[in-house]
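S.K.: Structure in structure tokens, see below.
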Amino acid sequence: MFGPLNQRADGTYVFAAPMGQGHVPMIALSDVGFFARHIFDNRAATSAQELEVASDWVDWSYLVSTFTKVTGKPAVYKPLELEEWFDLWYQDDISLPVANEKRHTPDEPESTSWKANFMCWWAQFRDDVIKRDFEWIRKVNPNGHTLESWMKEVGYTGEVNYALLKNTQDGKSPRLNPELTSKL
């Protein structure tokens, strides 16, 4: 969801998303490990608390500039409206249910489509619904990652390995339409 959706003939990577000026609180796996250890070491302070952690507060302009800085590759951010982004996917795929949920009342739907799920998912980032206290995060984990330090550590190149995800391996994930993403 956060990687480039296209690489143009001139080599420019295109990061396209329905983010507007919103942000995603991204977290590096090593920072997840740090905070897991922090929970065990600070049980009195962390018990029954929602530990709202992140490594960096990322909007797509920052994502693209950091990508270019780290990789030396040209990149652009193409803001999309939600429907424009959903149009990039095979429509039969995004109409499929995410999961068969147990209904609590007869009025509740039996499942949520992938599209309906991700409409809300993108909106929470676009609208900056999810916040993080980075002053506290940096105080607790002063050596935590930034987007730049994470990209450097993992050797991020912009290549997306969709097969990494289990649902994709099992053929259960929606697929991007390469004919449409190639036009970005």
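Ordering of the structure tokens sets the chain letters (A, B, ...); residue numbers start at 1 within each chain; ligands are numbered from 1 in the order shown.
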DSSP on the backbone, helix (DSSP H, G or I) only: what residues of chain A does that give? Format it as a PyMOL selection string.

M.R.: chain A and resi 29-41+43-46+60-71+82-86+91-94+114-126+134-140+147-154+162-164+166-169+178-181

S.K.: Give me the residues within 12 Å of Lys115 in chain A as a list of chain:residue names, counting only C-alpha atoms and dropping any in the same chain fewer than 6 places off.

M.R.: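 So, after excluding close chain neighbours, the residues are A:Leu82, A:Glu83, A:Trp85, A:Phe86, A:Asp87, A:Leu88, A:Trp89, A:Tyr90, A:Gln91, A:Asp92, A:Asp93, A:Ile94, A:Ser95, A:Leu96, A:Pro97, A:Val98, A:Trp121, A:Trp122, A:Ser173, A:Pro174.
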
S.K.: For Met26 in chain A, please output as a short mmCIF file (atom, residue, chain, number, x, y, z; two decimals) with N, CA and C atoms, in the first residue's frame all residues within 7 Å (counting only C-alpha atoms; exclusion window: fewer than 5 positions along the same chain).

M.R.:
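Result file around.cif:
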```cif
data_model
loop_
_atom_site.label_atom_id
_atom_site.label_comp_id
_atom_site.auth_asym_id
_atom_site.auth_seq_id
_atom_site.Cartn_x
_atom_site.Cartn_y
_atom_site.Cartn_z
N ALA A 54 5.33 4.51 17.09
CA ALA A 54 5.63 4.63 15.67
C ALA A 54 7.11 4.95 15.55
N SER A 55 7.63 4.83 14.35
CA SER A 55 9.01 5.22 14.08
C SER A 55 9.06 6.61 13.45
N ASP A 56 8.07 6.91 12.62
CA ASP A 56 8.06 8.20 11.94
C ASP A 56 6.64 8.54 11.52
N TRP A 57 6.41 9.81 11.29
CA TRP A 57 5.12 10.39 10.90
C TRP A 57 5.25 10.75 9.43
N VAL A 58 4.66 9.95 8.55
CA VAL A 58 4.99 10.00 7.13
C VAL A 58 3.81 10.49 6.28
#
```

S.K.: If you run DSSP on the backbone here, which positions in chain A get strand (DSSP E or B)? Please write them as a ChimeraX atom specification.

M.R.: /A:6-7,13-17,24-26,56-58,75-79,89,97-100,111-113,176

S.K.: Which residues are close to Glu50 in chain A, i.e. within 12 Å by only C-alpha atoms, leaving aside same-chain residues fewer than 3 positions away? Reply as a PyMOL selection string.

M.R.: chain A and resi 35+39+45-47+53+132

S.K.: Could you write out that same residue set with all heavy atoms as a PDB file, in the first residue's frame?

M.R.:
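See selection.pdb below for the written result:
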```pdb
ATOM      1  N   PHE A  35       9.826  -1.725  21.659  1.00  0.00           N
ATOM      2  CA  PHE A  35       8.688  -1.408  22.519  1.00  0.00           C
ATOM      3  C   PHE A  35       8.083  -2.655  23.166  1.00  0.00           C
ATOM      4  O   PHE A  35       7.545  -2.574  24.272  1.00  0.00           O
ATOM      5  CB  PHE A  35       7.656  -0.578  21.763  1.00  0.00           C
ATOM      6  CG  PHE A  35       8.060   0.863  21.666  1.00  0.00           C
ATOM      7  CD1 PHE A  35       8.536   1.386  20.476  1.00  0.00           C
ATOM      8  CD2 PHE A  35       8.001   1.691  22.773  1.00  0.00           C
ATOM      9  CE1 PHE A  35       8.936   2.716  20.394  1.00  0.00           C
ATOM     10  CE2 PHE A  35       8.402   3.017  22.703  1.00  0.00           C
ATOM     11  CZ  PHE A  35       8.866   3.530  21.507  1.00  0.00           C
ATOM     12  N   ILE A  39       7.652  -2.863  27.224  1.00  0.00           N
ATOM     13  CA  ILE A  39       6.458  -3.274  27.959  1.00  0.00           C
ATOM     14  C   ILE A  39       6.831  -4.212  29.101  1.00  0.00           C
ATOM     15  O   ILE A  39       6.389  -4.039  30.233  1.00  0.00           O
ATOM     16  CB  ILE A  39       5.439  -3.949  27.015  1.00  0.00           C
ATOM     17  CG1 ILE A  39       4.836  -2.925  26.074  1.00  0.00           C
ATOM     18  CG2 ILE A  39       4.345  -4.661  27.804  1.00  0.00           C
ATOM     19  CD1 ILE A  39       4.021  -3.539  24.947  1.00  0.00           C
ATOM     20  N   ALA A  45       3.916   0.771  34.349  1.00  0.00           N
ATOM     21  CA  ALA A  45       3.539   1.929  33.531  1.00  0.00           C
ATOM     22  C   ALA A  45       2.776   1.549  32.272  1.00  0.00           C
ATOM     23  O   ALA A  45       2.028   2.362  31.728  1.00  0.00           O
ATOM     24  CB  ALA A  45       4.786   2.723  33.152  1.00  0.00           C
ATOM     25  N   THR A  46       2.959   0.312  31.797  1.00  0.00           N
ATOM     26  CA  THR A  46       2.361  -0.053  30.507  1.00  0.00           C
ATOM     27  C   THR A  46       1.174  -1.002  30.602  1.00  0.00           C
ATOM     28  O   THR A  46       0.457  -1.168  29.613  1.00  0.00           O
ATOM     29  CB  THR A  46       3.428  -0.678  29.587  1.00  0.00           C
ATOM     30  OG1 THR A  46       3.959  -1.840  30.210  1.00  0.00           O
ATOM     31  CG2 THR A  46       4.537   0.316  29.274  1.00  0.00           C
ATOM     32  N   SER A  47       0.952  -1.614  31.753  1.00  0.00           N
ATOM     33  CA  SER A  47      -0.175  -2.549  31.877  1.00  0.00           C
ATOM     34  C   SER A  47      -1.490  -1.820  31.636  1.00  0.00           C
ATOM     35  O   SER A  47      -1.694  -0.706  32.109  1.00  0.00           O
ATOM     36  CB  SER A  47      -0.187  -3.192  33.258  1.00  0.00           C
ATOM     37  OG  SER A  47       0.905  -4.073  33.377  1.00  0.00           O
ATOM     38  N   VAL A  53       2.758   3.680  19.490  1.00  0.00           N
ATOM     39  CA  VAL A  53       4.140   3.893  19.068  1.00  0.00           C
ATOM     40  C   VAL A  53       4.220   4.008  17.551  1.00  0.00           C
ATOM     41  O   VAL A  53       3.296   3.643  16.826  1.00  0.00           O
ATOM     42  CB  VAL A  53       5.053   2.761  19.578  1.00  0.00           C
ATOM     43  CG1 VAL A  53       5.085   2.766  21.097  1.00  0.00           C
ATOM     44  CG2 VAL A  53       4.628   1.412  19.052  1.00  0.00           C
ATOM     45  N   ARG A 132       0.281  10.371  17.151  1.00  0.00           N
ATOM     46  CA  ARG A 132       1.322   9.785  17.979  1.00  0.00           C
ATOM     47  C   ARG A 132       2.056  10.917  18.695  1.00  0.00           C
ATOM     48  O   ARG A 132       2.250  11.997  18.134  1.00  0.00           O
ATOM     49  CB  ARG A 132       2.329   8.975  17.146  1.00  0.00           C
ATOM     50  CG  ARG A 132       1.741   7.730  16.507  1.00  0.00           C
ATOM     51  CD  ARG A 132       1.369   6.703  17.565  1.00  0.00           C
ATOM     52  NE  ARG A 132       0.814   5.498  17.007  1.00  0.00           N
ATOM     53  CZ  ARG A 132      -0.487   5.218  16.923  1.00  0.00           C
ATOM     54  NH1 ARG A 132      -1.382   6.090  17.330  1.00  0.00           N
ATOM     55  NH2 ARG A 132      -0.901   4.059  16.435  1.00  0.00           N
TER      56      ARG A 132
END
```

S.K.: Out of A:Leu63, A:Arg8, A:Asp41, A:Met1, which residue has the shortest atom-to-atom distance to Trp150 in chain A when counting only C-alpha atoms?

M.R.: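 Distance minimum relative to Trp150 in chain A lands on A:Leu63.
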
S.K.: May I ask for the distance between CA of Met19 in chain A and CA of Gly171 in chain A, given in Å to one decimal place?

M.R.: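 According to the coordinates, CA of Met19 in chain A and CA of Gly171 in chain A are separated by 27.0 Å.
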
S.K.: Which one is closest to Gln21 in chain A: A:Asp170, A:Glu148, A:Asp59, A:Glu81? Count only C-alpha atoms.

M.R.: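 Among A:Asp170, A:Glu148, A:Asp59, A:Glu81, it is A:Asp59 that comes nearest to Gln21 in chain A.
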
S.K.: May I ask which of the residues A:Met151, A:Ile137, A:Ala17, A:Ala48 is the closest one to Phe118 in chain A, counting only C-alpha atoms?

M.R.: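 Among the listed residues, A:Ala17 lies closest to Phe118 in chain A.
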
S.K.: With only C-alpha atoms as the atoms that count, which of A:Leu176, A:Ala16, A:Leu5, A:Ala36 lies nearest to Lys78 in chain A?

M.R.: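 Of A:Leu176, A:Ala16, A:Leu5, A:Ala36, the one nearest Lys78 in chain A, counting only C-alpha atoms, is A:Ala16.
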
S.K.: Closest to Ser65 in chain A among A:Val14, A:Cys120, A:Leu184, A:Ala44, using only C-alpha atoms?

M.R.: A:Val14

S.K.: So, counting only C-alpha atoms, which residue among A:Leu29, A:Val64, A:Val70, A:Leu51 is closest to Phe2 in chain A?

M.R.: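 Using only C-alpha atoms, the shortest distance to Phe2 in chain A belongs to A:Val64.
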
S.K.: Kindly give the distance, in Å, that separates CA of Pro25 in chain A and CA of Ser149 in chain A, rounded to a single decimal.

M.R.: 15.2 Å

S.K.: List the spatial neighbours of Asn143 in chain A as a PyMOL selection string - criterion: any atom at most 10 Å away, only C-alpha atoms, same-chain residues fewer than 2 positions off excluded.

M.R.: chain A and resi 31+34+55+138-141+145-146
